[in-house]
>>> print(open('entry-v9.cif').read())   # mmCIF, C-alpha atoms
data_model
loop_
_atom_site.label_atom_id
_atom_site.label_comp_id
_atom_site.auth_asym_id
_atom_site.auth_seq_id
_atom_site.Cartn_x
_atom_site.Cartn_y
_atom_site.Cartn_z
CA MET A 194 3.53 0.21 -32.94
CA GLU A 195 5.45 -0.54 -29.78
CA THR A 196 4.77 1.56 -26.73
CA VAL A 197 7.97 2.47 -25.02
CA THR A 198 8.08 2.58 -21.25
CA THR A 199 10.53 4.93 -19.69
CA PHE A 200 11.39 5.92 -16.17
CA SER A 201 9.98 9.37 -15.64
CA GLY A 202 13.10 10.68 -13.99
CA ASP A 203 11.04 12.38 -11.32
CA TYR A 204 12.65 11.30 -8.09
CA GLY A 205 10.15 13.08 -5.86
CA PRO A 206 10.92 15.19 -2.81
CA GLN A 207 13.81 14.55 -0.43
CA ARG A 208 12.40 11.96 1.94
CA LEU A 209 12.92 9.26 4.48
CA SER A 210 11.41 5.83 4.42
CA VAL A 211 11.13 4.55 7.98
CA GLU A 212 10.30 0.98 8.94
CA LEU A 213 8.05 1.36 11.96
CA ALA A 214 7.79 -2.33 12.81
CA ASN A 215 9.59 -5.54 11.97
CA ILE A 216 6.46 -7.65 12.20
CA CYS A 217 3.40 -8.15 10.03
CA ASN A 218 0.03 -9.69 10.82
CA LEU A 219 -0.35 -11.21 7.35
CA HIS A 220 1.62 -13.93 5.58
CA CYS A 221 2.02 -13.15 1.88
CA SER A 222 4.19 -15.87 0.43
CA TYR A 223 5.89 -13.66 -2.15
CA CYS A 224 6.88 -10.96 0.39
CA PHE A 225 10.60 -10.22 0.21
CA ARG A 226 11.01 -9.34 3.86
CA ALA A 227 12.71 -12.07 5.88
CA ASP A 228 10.41 -14.37 7.84
CA GLU A 229 12.60 -14.02 10.93
CA ASN A 230 11.63 -10.35 11.02
CA LEU A 231 8.01 -10.48 9.90
CA TYR A 232 7.00 -13.34 12.17
CA SER A 233 9.46 -12.89 14.97
CA PRO A 234 8.09 -13.53 18.44
CA HIS A 235 10.18 -10.51 19.37
CA ALA A 236 8.41 -7.51 17.91
CA GLU A 237 10.61 -4.47 17.43
CA PHE A 238 9.26 -1.00 16.86
CA PHE A 239 11.02 2.15 15.73
CA PRO A 240 11.52 4.34 18.83
CA VAL A 241 9.56 7.59 18.69
CA ASP A 242 12.41 9.50 20.37
CA LEU A 243 14.81 8.36 17.67
CA LEU A 244 12.29 9.33 14.99
CA ARG A 245 12.02 12.79 16.49
CA ARG A 246 15.80 13.25 16.53
CA VAL A 247 16.39 11.78 13.07
CA ILE A 248 13.80 13.81 11.22
CA SER A 249 15.08 16.98 12.82
CA GLU A 250 18.65 16.22 11.72
CA ALA A 251 17.62 14.90 8.30
CA ARG A 252 15.67 18.03 7.65
CA THR A 253 18.75 20.15 8.21
CA VAL A 254 21.28 17.87 6.57
CA ALA A 255 19.35 16.36 3.67
CA GLY A 256 16.43 18.76 3.30
CA ILE A 257 13.78 16.10 3.79
CA THR A 258 10.17 17.20 3.65
CA ARG A 259 8.44 13.85 3.73
CA VAL A 260 8.50 10.59 5.63
CA SER A 261 6.91 7.39 4.42
CA PHE A 262 6.30 4.68 6.96
CA THR A 263 6.73 1.06 6.01
CA GLY A 264 7.34 -2.18 7.84
CA GLY A 265 6.39 -4.96 8.47
CA GLU A 266 3.00 -3.46 9.02
CA PRO A 267 3.40 0.11 10.32
CA THR A 268 -0.01 0.27 11.97
CA LEU A 269 1.14 -2.40 14.44
CA HIS A 270 3.40 0.16 16.09
CA PRO A 271 2.00 0.59 19.63
CA GLN A 272 2.74 4.31 19.43
CA PHE A 273 1.40 4.84 15.93
CA THR A 274 -0.46 7.95 17.10
CA GLU A 275 2.74 9.43 18.53
CA THR A 276 4.65 8.76 15.29
CA LEU A 277 2.06 10.75 13.34
CA ASN A 278 2.07 13.44 16.04
CA THR A 279 5.84 13.69 15.64
CA ILE A 280 5.51 14.31 11.91
CA ALA A 281 2.79 16.89 12.44
CA GLU A 282 4.78 18.71 15.13
CA ALA A 283 7.80 18.84 12.81
CA GLY A 284 5.69 20.39 10.05
CA LEU A 285 6.46 17.54 7.67
CA THR A 286 4.09 15.32 5.74
CA ALA A 287 3.87 11.58 6.03
CA SER A 288 2.36 8.65 4.24
CA PHE A 289 2.30 5.00 5.08
CA VAL A 290 1.81 1.71 3.33
CA SER A 291 -0.57 -0.74 4.94
CA ASN A 292 -2.43 -3.98 4.37
CA GLY A 293 -5.51 -2.21 5.81
CA TRP A 294 -6.23 -4.88 8.43
CA HIS A 295 -5.89 -2.53 11.41
CA PHE A 296 -7.12 0.62 9.68
CA ASP A 297 -10.27 0.94 11.80
CA ARG A 298 -8.15 0.88 14.94
CA VAL A 299 -5.71 3.57 13.81
CA TRP A 300 -8.40 5.74 12.22
CA PRO A 301 -8.64 8.11 15.24
CA ALA A 302 -4.87 8.69 15.04
CA ILE A 303 -5.20 9.47 11.34
CA GLN A 304 -8.05 11.88 11.91
CA ALA A 305 -6.13 13.62 14.66
CA ASN A 306 -3.16 14.15 12.33
CA ARG A 307 -4.99 14.52 9.04
CA THR A 308 -3.08 17.61 7.92
CA ALA A 309 0.25 15.81 8.30
CA LEU A 310 -0.83 12.87 6.15
CA SER A 311 -0.44 13.22 2.40
CA HIS A 312 -1.91 9.82 1.57
CA VAL A 313 -2.09 6.16 2.48
CA ALA A 314 -0.96 3.35 0.21
CA PHE A 315 -2.76 0.03 0.49
CA SER A 316 -1.41 -3.30 -0.68
CA LEU A 317 -3.77 -5.16 -2.97
CA ASP A 318 -3.55 -8.70 -4.30
CA GLY A 319 -6.69 -8.98 -6.39
CA VAL A 320 -9.89 -7.17 -7.20
CA THR A 321 -12.27 -9.68 -5.60
CA ARG A 322 -12.55 -11.22 -2.15
CA GLU A 323 -11.49 -14.55 -3.57
CA THR A 324 -8.36 -13.35 -5.37
CA HIS A 325 -7.21 -10.97 -2.65
CA ASP A 326 -7.94 -13.20 0.34
CA ARG A 327 -6.25 -16.16 -1.32
CA TRP A 328 -2.95 -14.39 -0.62
CA ARG A 329 -3.84 -12.39 2.48
CA GLY A 330 -6.32 -14.48 4.40
CA GLN A 331 -10.07 -14.44 4.88
CA GLY A 332 -11.53 -11.06 5.72
CA SER A 333 -8.62 -9.06 4.31
CA PHE A 334 -10.50 -7.75 1.29
CA ASP A 335 -13.49 -6.51 3.29
CA ARG A 336 -11.19 -4.74 5.74
CA LEU A 337 -9.40 -3.13 2.83
CA VAL A 338 -12.66 -1.93 1.30
CA ARG A 339 -13.65 -0.46 4.68
CA ALA A 340 -10.33 1.36 4.74
CA PHE A 341 -11.03 2.71 1.22
CA SER A 342 -14.44 3.84 2.47
CA ARG A 343 -12.96 5.79 5.36
CA CYS A 344 -10.42 7.50 3.11
CA TYR A 345 -12.92 8.18 0.35
CA MET A 346 -15.48 9.76 2.66
CA SER A 347 -12.85 11.81 4.50
CA ASN A 348 -11.08 13.03 1.37
CA LEU A 349 -7.85 11.37 2.43
CA PRO A 350 -6.10 10.42 -0.81
CA PHE A 351 -5.25 6.75 -1.03
CA GLY A 352 -3.26 4.72 -3.48
CA LEU A 353 -3.00 1.05 -4.26
CA LYS A 354 0.13 -1.00 -4.64
CA ILE A 355 0.01 -4.37 -6.32
CA VAL A 356 2.73 -6.86 -7.04
CA ILE A 357 2.53 -8.17 -10.59
CA ARG A 358 2.62 -11.89 -10.09
CA ARG A 359 2.44 -13.96 -13.24
CA ASP A 360 -1.19 -14.88 -12.54
CA LEU A 361 -2.12 -11.18 -12.66
CA MET A 362 -0.54 -10.50 -16.05
CA ASP A 363 -3.86 -10.53 -17.90
CA GLN A 364 -5.69 -8.51 -15.23
CA LEU A 365 -3.82 -5.21 -15.28
CA GLU A 366 -6.66 -3.28 -16.91
CA GLN A 367 -9.19 -4.83 -14.52
CA ILE A 368 -7.01 -3.78 -11.60
CA ALA A 369 -6.80 -0.21 -12.90
CA LEU A 370 -10.56 -0.09 -13.36
CA PHE A 371 -11.10 -1.37 -9.83
CA ALA A 372 -8.72 1.25 -8.40
CA ALA A 373 -10.41 4.02 -10.35
CA ARG A 374 -13.90 2.98 -9.31
CA MET A 375 -12.81 2.81 -5.68
CA GLY A 376 -11.60 6.38 -5.97
CA ALA A 377 -7.89 5.67 -5.60
CA ALA A 378 -5.61 8.61 -6.34
CA SER A 379 -2.86 6.35 -7.58
CA LEU A 380 -2.09 2.82 -8.64
CA HIS A 381 1.48 1.66 -8.41
CA PHE A 382 2.54 -1.67 -9.81
CA VAL A 383 5.52 -3.49 -8.40
CA HIS A 384 7.44 -6.35 -9.94
CA VAL A 385 8.01 -9.44 -7.82
CA MET A 386 11.31 -9.25 -5.95
CA PRO A 387 12.64 -12.79 -6.31
CA THR A 388 13.60 -14.41 -3.01
CA SER A 389 14.30 -17.88 -4.36
CA ASN A 390 14.45 -19.84 -7.59
CA THR A 391 10.92 -21.04 -6.88
CA VAL A 392 9.54 -17.51 -6.55
CA ALA A 393 11.51 -16.38 -9.59
CA ASP A 394 10.18 -19.30 -11.66
CA THR A 395 6.57 -19.34 -10.51
CA ALA A 396 5.60 -15.78 -9.63
CA ALA A 397 8.11 -13.38 -11.16
CA LEU A 398 7.86 -12.33 -14.80
CA SER A 399 10.50 -13.09 -17.37
CA LEU A 400 12.19 -10.21 -19.19
CA GLU A 401 9.78 -10.55 -22.11
CA GLU A 402 6.76 -10.73 -19.80
CA GLN A 403 8.02 -7.67 -17.95
CA ARG A 404 8.25 -5.75 -21.20
CA VAL A 405 4.66 -6.67 -22.07
CA ALA A 406 3.45 -5.70 -18.57
CA GLU A 407 5.37 -2.42 -18.59
CA GLN A 408 3.96 -1.48 -21.98
CA GLU A 409 0.45 -2.23 -20.74
CA ILE A 410 1.03 -0.12 -17.63
CA ALA A 411 2.24 2.76 -19.80
CA ILE A 412 -0.98 2.52 -21.83
CA LEU A 413 -3.11 2.43 -18.68
CA ALA A 414 -1.24 5.47 -17.37
CA ARG A 415 -2.31 7.37 -20.48
CA ILE A 416 -5.93 6.22 -20.34
CA PHE A 417 -6.74 6.75 -16.66
CA LYS A 418 -6.87 10.04 -14.81
CA MET A 419 -5.33 8.63 -11.64
CA ASN A 420 -1.60 8.38 -11.35
CA ILE A 421 -0.45 4.97 -12.59
CA GLY A 422 3.15 3.88 -12.45
CA LEU A 423 5.63 1.14 -11.86
CA ASP A 424 7.55 1.51 -8.61
CA VAL A 425 9.85 -1.43 -8.29
CA GLY A 426 11.71 -3.80 -10.57
CA TYR A 427 11.27 -1.95 -13.86
CA TYR A 428 13.73 -2.36 -16.68
CA ASN A 429 15.78 0.78 -17.30
CA ILE A 430 19.11 0.84 -19.10
CA ASP A 431 19.58 4.59 -19.27
CA GLU A 432 23.22 5.13 -18.34
CA GLU A 433 22.98 8.90 -18.01
CA ARG A 434 20.66 9.36 -15.07
CA PRO A 435 20.26 7.51 -11.78
CA PRO A 436 17.49 4.95 -12.30
CA CYS A 437 15.75 5.44 -8.96
CA SER A 438 15.34 7.85 -6.07
CA PRO A 439 17.77 6.09 -3.66
CA LEU A 440 20.57 6.14 -6.23
CA ALA A 441 19.68 9.75 -7.00
CA GLY A 442 20.13 10.44 -3.30
CA THR A 443 16.57 11.70 -2.77
CA SER A 444 15.15 8.87 -0.68
CA MET A 445 16.82 7.12 2.23
CA ASN A 446 15.67 4.10 4.19
CA ILE A 447 15.89 3.60 7.93
CA ASP A 448 15.16 0.10 9.16
CA TYR A 449 13.23 -0.75 12.32
CA ARG A 450 16.50 -0.99 14.23
CA GLY A 451 17.36 2.61 13.37
CA ARG A 452 19.98 1.84 10.73
CA LEU A 453 20.29 4.01 7.63
CA SER A 454 20.38 1.96 4.45
CA LEU A 455 20.24 2.54 0.73
CA CYS A 456 16.78 1.31 -0.16
CA CYS A 457 13.66 -0.16 1.45
CA ASN A 458 13.63 -2.91 -1.15
CA LEU A 459 17.02 -4.20 0.00
CA SER A 460 16.31 -3.94 3.69
CA GLY A 461 15.69 -7.16 5.59
CA PHE A 462 15.65 -9.11 2.34
CA ARG A 463 14.73 -12.76 2.71
CA GLY A 464 17.72 -15.05 2.27
CA ALA A 465 20.27 -12.22 2.06
CA ASP A 466 23.81 -12.93 3.18
CA ASN A 467 25.06 -9.37 3.09
CA GLU A 468 24.16 -5.99 4.58
CA GLU A 469 26.52 -3.68 2.71
CA ASP A 470 23.53 -1.50 1.92
CA VAL A 471 23.39 -0.55 5.61
CA VAL A 472 25.61 2.48 6.11
CA ALA A 473 25.16 3.54 9.72
CA ASP A 474 23.43 2.92 13.02
CA LEU A 475 21.56 6.10 13.83
CA ASN A 476 21.26 5.05 17.46
CA VAL A 477 24.91 5.91 17.86
CA GLU A 478 25.74 8.10 14.85
CA SER A 479 24.52 11.50 13.79
CA PHE A 480 22.40 11.72 10.67
CA ALA A 481 25.01 14.06 9.16
CA ASP A 482 27.74 11.40 9.37
CA ALA A 483 25.37 8.69 8.20
CA TYR A 484 24.12 10.77 5.29
CA ALA A 485 27.65 11.34 4.02
CA LYS A 486 28.13 7.57 3.91
CA PHE A 487 24.76 7.16 2.23
CA VAL A 488 25.61 9.61 -0.55
CA SER A 489 28.96 7.95 -1.06
CA LEU A 490 27.35 4.50 -1.35
CA ALA A 491 24.65 5.75 -3.72
CA LYS A 492 27.29 7.29 -5.99
CA ALA A 493 29.44 4.17 -5.92
CA GLN A 494 26.48 1.94 -6.71
CA SER A 495 25.36 4.21 -9.57
CA GLN A 496 28.84 4.05 -10.99
CA ARG A 497 28.98 0.27 -10.58
CA ARG A 498 25.80 -0.09 -12.60
CA LYS A 499 26.92 2.39 -15.25
CA THR A 500 30.09 0.38 -15.69
CA ALA A 501 28.16 -2.88 -16.00
CA LEU A 502 25.79 -1.40 -18.59
CA ALA A 503 28.65 0.19 -20.54
CA ALA A 504 30.52 -3.11 -20.63
CA LEU A 505 27.52 -4.89 -22.13
CA ARG A 506 26.94 -2.06 -24.60
CA SER A 507 30.53 -2.18 -25.77
CA GLN A 508 30.07 -5.87 -26.51
CA GLY A 509 26.82 -5.21 -28.36
CA LEU A 510 24.84 -7.16 -25.76
CA THR A 511 21.39 -6.31 -24.44
CA PRO A 512 21.41 -6.26 -20.63
CA ASP A 513 19.64 -9.21 -19.07
CA LEU A 514 16.92 -8.67 -16.46
CA TYR A 515 19.33 -8.82 -13.53
CA THR A 516 21.40 -5.98 -15.00
CA GLY A 517 18.72 -4.01 -16.82
CA SER A 518 16.49 -3.79 -13.77
CA PRO A 519 18.11 -1.47 -11.22
CA CYS A 520 16.36 -3.27 -8.36
CA LEU A 521 17.59 -6.70 -9.44
CA PHE A 522 21.04 -5.29 -10.10
CA CYS A 523 21.21 -3.96 -6.54
CA LEU A 524 19.81 -7.19 -5.09
CA GLN A 525 22.52 -9.08 -6.89
CA SER A 526 25.41 -6.75 -6.19
CA PHE A 527 24.53 -6.38 -2.50
CA GLY A 528 24.37 -10.13 -1.95
CA LYS A 529 20.63 -10.29 -1.35
CA ILE A 530 19.99 -13.18 -3.73
CA PRO A 531 22.88 -15.59 -3.21
CA TRP A 532 20.83 -18.40 -4.76
CA HIS A 533 20.94 -16.61 -8.13
CA MET B 153 -40.82 -11.05 4.06
CA ASN B 154 -37.15 -11.38 5.03
CA LEU B 155 -34.86 -8.59 3.92
CA THR B 156 -31.22 -9.59 3.83
CA PRO B 157 -28.17 -7.39 3.18
CA GLY B 158 -26.29 -8.60 0.12
CA LYS B 159 -23.07 -10.48 0.65
CA HIS B 160 -21.62 -8.26 -2.04
CA VAL B 161 -22.00 -5.20 0.18
CA VAL B 162 -19.36 -4.01 2.67
CA ALA B 163 -20.58 -1.65 5.38
CA THR B 164 -18.43 0.75 7.40
CA ASP B 165 -19.49 2.60 10.54
CA PHE B 166 -18.44 6.18 10.98
CA ASP B 167 -18.33 8.27 14.10
CA GLY B 168 -21.64 9.94 14.77
CA GLY B 169 -23.71 7.07 13.47
CA GLU B 170 -23.29 7.62 9.75
CA GLY B 171 -21.97 4.92 7.50
CA ILE B 172 -20.99 3.93 4.04
CA LEU B 173 -21.79 0.92 1.90
CA VAL B 174 -19.67 -0.38 -0.94
CA ASP B 175 -21.37 -2.53 -3.55
CA LEU B 176 -18.63 -4.90 -4.69
CA ASN B 177 -20.57 -5.76 -7.84
CA THR B 178 -20.87 -2.23 -9.12
CA LYS B 179 -17.91 -0.80 -7.13
CA LYS B 180 -20.11 2.08 -5.97
CA TYR B 181 -20.13 3.87 -2.63
CA TYR B 182 -23.39 4.74 -0.86
CA GLN B 183 -23.28 7.23 1.99
CA LEU B 184 -25.84 6.49 4.72
CA ASN B 185 -27.17 8.98 7.22
CA GLU B 186 -27.71 7.96 10.83
CA THR B 187 -31.23 6.60 10.26
CA ALA B 188 -30.25 4.62 7.16
CA MET B 189 -27.35 3.13 9.09
CA ILE B 190 -29.70 2.03 11.88
CA VAL B 191 -31.87 0.37 9.26
CA TRP B 192 -28.88 -1.35 7.66
CA LYS B 193 -27.60 -2.64 10.99
CA GLY B 194 -31.08 -3.81 11.90
CA LEU B 195 -31.33 -5.79 8.69
CA GLU B 196 -27.88 -7.27 9.35
CA GLN B 197 -29.21 -8.45 12.72
CA GLY B 198 -32.21 -10.07 11.01
CA LYS B 199 -34.77 -7.59 12.33
CA SER B 200 -38.01 -6.80 10.50
CA THR B 201 -38.87 -3.29 9.37
CA THR B 202 -41.43 -3.14 12.17
CA GLU B 203 -38.81 -4.00 14.75
CA ILE B 204 -36.40 -1.45 13.32
CA ALA B 205 -39.05 1.26 13.36
CA ALA B 206 -39.81 0.41 17.00
CA GLU B 207 -36.12 0.65 17.83
CA ILE B 208 -35.97 4.10 16.27
CA THR B 209 -38.96 5.33 18.27
CA SER B 210 -37.41 4.06 21.49
CA ASN B 211 -34.18 5.98 20.86
CA TYR B 212 -35.42 9.12 19.11
CA GLU B 213 -38.35 11.43 19.54
CA VAL B 214 -40.31 10.30 16.54
CA ALA B 215 -43.77 8.84 16.12
CA LEU B 216 -44.08 5.21 15.10
CA ASP B 217 -45.91 5.94 11.86
CA GLN B 218 -43.24 8.44 10.84
CA ALA B 219 -40.44 6.04 11.76
CA THR B 220 -42.14 3.23 9.83
CA LEU B 221 -42.45 5.45 6.78
CA SER B 222 -38.76 6.38 6.98
CA VAL B 223 -37.67 2.77 7.37
CA GLU B 224 -39.80 1.64 4.43
CA ARG B 225 -38.46 4.43 2.24
CA ILE B 226 -34.89 3.53 3.11
CA VAL B 227 -35.54 -0.18 2.50
CA ASP B 228 -37.05 0.70 -0.88
CA ASN B 229 -33.86 2.54 -1.74
CA PHE B 230 -31.73 -0.40 -0.65
CA GLN B 231 -33.82 -2.64 -2.91
CA THR B 232 -33.66 -0.24 -5.83
CA TYR B 233 -29.88 -0.30 -5.69
CA LYS B 234 -29.86 -4.08 -5.16
CA LEU B 235 -28.10 -3.77 -1.81
CA ILE B 236 -30.54 -6.12 -0.11
CA SER B 237 -32.55 -9.09 -1.24
CA ALA B 238 -36.08 -10.04 -0.23
CA SER B 239 -37.36 -13.55 0.42
CA GLN B 240 -40.63 -14.94 1.79
#
>>> encode(input="entry-v9.cif", output="C-alpha cells")
Amino acid sequence: METVTTFSGDYGPQRLSVELANICNLHCSYCFRADENLYSPHAEFFPVDLLRRVISEARTVAGITRVSFTGGEPTLHPQFTETLNTIAEAGLTASFVSNGWHFDRVWPAIQANRTALSHVAFSLDGVTRETHDRWRGQGSFDRLVRAFSRCYMSNLPFGLKIVIRRDLMDQLEQIALFAARMGAASLHFVHVMPTSNTVADTAALSLEEQRVAEQEIAILARIFKMNIGLDVGYYNIDEERPPCSPLAGTSMNIDYRGRLSLCCNLSGFRGADNEEDVVADLNVESFADAYAKFVSLAKAQSQRRKTALAALRSQGLTPDLYTGSPCLFCLQSFGKIPWH
Amino acid sequence: MNLTPGKHVVATDFDGGEGILVDLNTKKYYQLNETAMIVWKGLEQGKSTTEIAAEITSNYEVALDQATLSVERIVDNFQTYKLISASQ
C-alpha cells in the first residue's frame, strides 16, 4: 500500500523571517545562499533599530506574533543580545536557525531572553562526527552536541533541520532516531535547493527519489512522538490551496539589507539573475506599503502556479518536479536558476 | 592506572560548575554535579584520582579521605556507564 504524503495546510502563525547576517562561519557546499554574501569580507548585519521599527509596524499591519532569525549565521550578529531583547520587549516570540558553532558564546543572551524564545533550530548533516563534520568542518558535531546539551538541560525546545542529500536517502530513520534520542522537539527535512546542474545531478533527489523520501518521512512522522515534517522542496500539486506559508501570506522574509521579499528560500540565491521576489526596501518604505506589495506578489505567484498546474492537468500530464514542487516552481519563475 | 575520558563523550560546562556529558555511542545525557564535573575535568587533564581529591580539598572544606571516597565513587560511576576507560 502506498503512503501518501500531503502538505498539512497548516501555515503557522503570522510571522517574519529576518536575516540577521549575510555571512556564515561554515562552508557547506550545497548551501543555496550566494557565496558573495556568505563569505563576503564585508559583513552586513540587520540593524536593531530597523528591527524594532519593522516588528512594531508588522504587528499592526500584518498581525505578526513571531519572528524567526536566519542568515547567514544569525549568532554572528554583534548585537545578537539586543535583537533578542527587542523581541522580548515587543512581547513577541522568536526562534532562530543556527549551525551551533557559536552557541556557547550566545548562551547568556539566550538565558537572558528565555521567555521570548520559542525554540532553536539546528542544522544537521549527519548523525556521527564523521558524517556531519565532512560537510561542516572538524569540531562542528561536538559543538552541536554541546548546544543540544544546553537546550536539553534548560528545557529550551530545539529542533533539527537536515537537507536530504542523495547520500542520506537510506539514513532517514537513523536520523529520526538520533533526533529523538537527543531530545529534539522536532525534525524537519529539507530537499536540496539546486544551485547548479552539478548540485542537481549529484546531491538533489530525482522526482521518484523525492517521492520515496517523502513517503518515508510521512511514516516516520507517524511513528515518532516528536514533530517530523518536510519544510522545503516537497511535491504538492494541490491547486486549491496555497502550497506554502509565503504564498498563503502568513510568512514574510526580510533580508539582511532590510528588504521585504517573498520567501527566505529565494533570498540571496546562488547564481540568481533576478530579484523580482524583493518587493520593498524597508529602510525607506513603511511596512504597510511593503506588505501591500507582498500580498499582491504572493497572490500573483499563487495564480501563476495554479495556471501552470491547470494547463498540465488539461493535457493529462503529470507535473514534473520543477512545477510540482512549489519551491522549485518559484526558483524557476523568479529567475533564480537560470542554468536550468 | 590511567583513567581516560572516552572519545565518544562530549562534555559541556554549565554556569555554577555543573555539567553534562553526552555519550555518542548510546546517545544518552548524563547530568554532573559540581564535584563530578571537577572529577571529569581532572581526568581530561590526565590527573590521577589522588590528585583530583587533593584539588578538591584545596578548594572546598572537605577532608581528604572524604574527597577521595567521593572521587572514587564518581569514577566508578563513569566506568559503569563506559564513559571512561582504564589502562595500566
>>> atom_distance(input="entry-v9.cif", atom1="CA of Leu209 (chain A)", atom2="CA of Ser479 (chain A)")
15.0 Å
>>> resolve_selection(input="entry-v9.cif", expression="the PyMOL selection byres ((chain B) within 7 of (chain A))", output="list in words")
Val162, Thr164, Ile172 and Lys179 of chain B
>>> closest_residue(input="entry-v9.cif", among="A:Glu401, A:Glu237, A:Glu366, A:Glu433", to="Ala414 (chain A)", atoms="all atoms listed in the file")
A:Glu366
>>> atom_distance(input="entry-v9.cif", atom1="CA of Ser316 (chain A)", atom2="CA of Pro531 (chain A)")
27.3 Å
>>> resolve_selection(input="entry-v9.cif", expression="the PyMOL selection byres ((chain B and resi 201) around 8)", output="ChimeraX atom specification")
/B:191,195,199-200,202-205,220,223-224
>>> residues_near_point(input="entry-v9.cif", point="(-11.3, 11.6, 9.1)", cutoff="12 Å", atoms="only C-alpha atoms", output="list in words")
Phe296, Asp297, Val299, Trp300, Pro301, Ala302, Ile303, Gln304, Ala305, Asn306, Arg307, Thr308, Leu310, Ala340, Phe341, Ser342, Arg343, Cys344, Tyr345, Met346, Ser347, Asn348, Leu349 and Pro350 of chain A; Phe166, Asp167 and Gly168 of chain B
>>> residues_around(input="entry-v9.cif", residues="Val174 (chain B)", least_positions_apart="2", cutoff="6 Å", atoms="all atoms listed in the file", output="PyMOL selection string")
chain B and resi 161-162+176+180-181
>>> atom_distance(input="entry-v9.cif", atom1="CA of Arg463 (chain A)", atom2="CA of Phe225 (chain A)")
5.5 Å
>>> residues_around(input="entry-v9.cif", residues="Leu216 (chain B)", least_positions_apart="4", cutoff="10 Å", atoms="all atoms listed in the file", output="PyMOL selection string")
chain B and resi 202+205-210+220-222
>>> resolve_selection(input="entry-v9.cif", expression="the PyMOL selection byres ((chain A and resi 497-513) around 12)", output="ChimeraX atom specification")
/A:399-401,403,428-436,440,490-496,514-527
>>> closest_residue(input="entry-v9.cif", among="A:Asp326, A:Asp448, A:Asp360, A:Glu478", to="Ala214 (chain A)", atoms="all atoms listed in the file")
A:Asp448
>>> residues_around(input="entry-v9.cif", residues="Asn230 (chain A)", least_positions_apart="6", cutoff="9 Å", atoms="all atoms listed in the file", output="MDAnalysis selection string")
chainID A and resid 215:217 236:237 265 461
>>> closest_residue(input="entry-v9.cif", among="B:Trp192, B:Glu213, B:Ile226, B:Thr232", to="Asp165 (chain B)", atoms="only C-alpha atoms")
B:Trp192
>>> residues_around(input="entry-v9.cif", residues="Ile248 (chain A)", least_positions_apart="6", cutoff="12 Å", atoms="only C-alpha atoms", output="JSON, numbers by chain")
{"A": [207, 208, 209, 210, 211, 241, 242, 254, 255, 256, 257, 258, 259, 260, 261, 276, 279, 280, 281, 282, 283, 284, 285, 286, 287, 445, 447, 451, 475, 479, 480, 481]}
>>> closest_residue(input="entry-v9.cif", among="A:Cys221, A:Leu213, A:Ala473, A:Arg415", to="His325 (chain A)", atoms="only C-alpha atoms")
A:Cys221
>>> decode(input="entry-v9.cif", residues="region 354-358 of chain A", atoms="all heavy atoms", output="PDB file, in the first residue's frame")
ATOM      1  N   LYS A 354      17.203  20.497  11.602  1.00  0.00           N
ATOM      2  CA  LYS A 354      16.885  20.623  10.179  1.00  0.00           C
ATOM      3  C   LYS A 354      17.977  19.905   9.398  1.00  0.00           C
ATOM      4  O   LYS A 354      19.164  20.106   9.679  1.00  0.00           O
ATOM      5  CB  LYS A 354      16.864  22.092   9.752  1.00  0.00           C
ATOM      6  CG  LYS A 354      15.616  22.840  10.182  1.00  0.00           C
ATOM      7  CD  LYS A 354      15.664  24.267   9.653  1.00  0.00           C
ATOM      8  CE  LYS A 354      14.444  25.054  10.102  1.00  0.00           C
ATOM      9  NZ  LYS A 354      13.204  24.665   9.426  1.00  0.00           N
ATOM     10  N   ILE A 355      17.583  19.098   8.465  1.00  0.00           N
ATOM     11  CA  ILE A 355      18.593  18.370   7.696  1.00  0.00           C
ATOM     12  C   ILE A 355      18.208  18.324   6.222  1.00  0.00           C
ATOM     13  O   ILE A 355      17.053  18.048   5.882  1.00  0.00           O
ATOM     14  CB  ILE A 355      18.831  16.955   8.278  1.00  0.00           C
ATOM     15  CG1 ILE A 355      19.988  16.261   7.558  1.00  0.00           C
ATOM     16  CG2 ILE A 355      17.566  16.103   8.259  1.00  0.00           C
ATOM     17  CD1 ILE A 355      20.582  15.103   8.341  1.00  0.00           C
ATOM     18  N   VAL A 356      19.148  18.670   5.404  1.00  0.00           N
ATOM     19  CA  VAL A 356      18.939  18.636   3.956  1.00  0.00           C
ATOM     20  C   VAL A 356      19.091  17.194   3.480  1.00  0.00           C
ATOM     21  O   VAL A 356      20.073  16.519   3.827  1.00  0.00           O
ATOM     22  CB  VAL A 356      19.971  19.549   3.256  1.00  0.00           C
ATOM     23  CG1 VAL A 356      19.890  19.390   1.744  1.00  0.00           C
ATOM     24  CG2 VAL A 356      19.743  21.005   3.647  1.00  0.00           C
ATOM     25  N   ILE A 357      18.124  16.736   2.721  1.00  0.00           N
ATOM     26  CA  ILE A 357      18.174  15.342   2.244  1.00  0.00           C
ATOM     27  C   ILE A 357      19.015  15.276   0.979  1.00  0.00           C
ATOM     28  O   ILE A 357      18.498  15.394  -0.134  1.00  0.00           O
ATOM     29  CB  ILE A 357      16.776  14.775   1.942  1.00  0.00           C
ATOM     30  CG1 ILE A 357      15.771  15.169   3.013  1.00  0.00           C
ATOM     31  CG2 ILE A 357      16.841  13.250   1.804  1.00  0.00           C
ATOM     32  CD1 ILE A 357      14.342  14.823   2.621  1.00  0.00           C
ATOM     33  N   ARG A 358      20.311  15.136   1.184  1.00  0.00           N
ATOM     34  CA  ARG A 358      21.173  14.866   0.029  1.00  0.00           C
ATOM     35  C   ARG A 358      20.975  13.406  -0.376  1.00  0.00           C
ATOM     36  O   ARG A 358      20.512  12.588   0.417  1.00  0.00           O
ATOM     37  CB  ARG A 358      22.643  15.111   0.387  1.00  0.00           C
ATOM     38  CG  ARG A 358      22.961  16.501   0.902  1.00  0.00           C
ATOM     39  CD  ARG A 358      24.445  16.579   1.222  1.00  0.00           C
ATOM     40  NE  ARG A 358      24.875  15.434   1.995  1.00  0.00           N
ATOM     41  CZ  ARG A 358      24.873  15.396   3.333  1.00  0.00           C
ATOM     42  NH1 ARG A 358      24.477  16.444   4.037  1.00  0.00           N
ATOM     43  NH2 ARG A 358      25.266  14.316   3.975  1.00  0.00           N
TER      44      ARG A 358
END
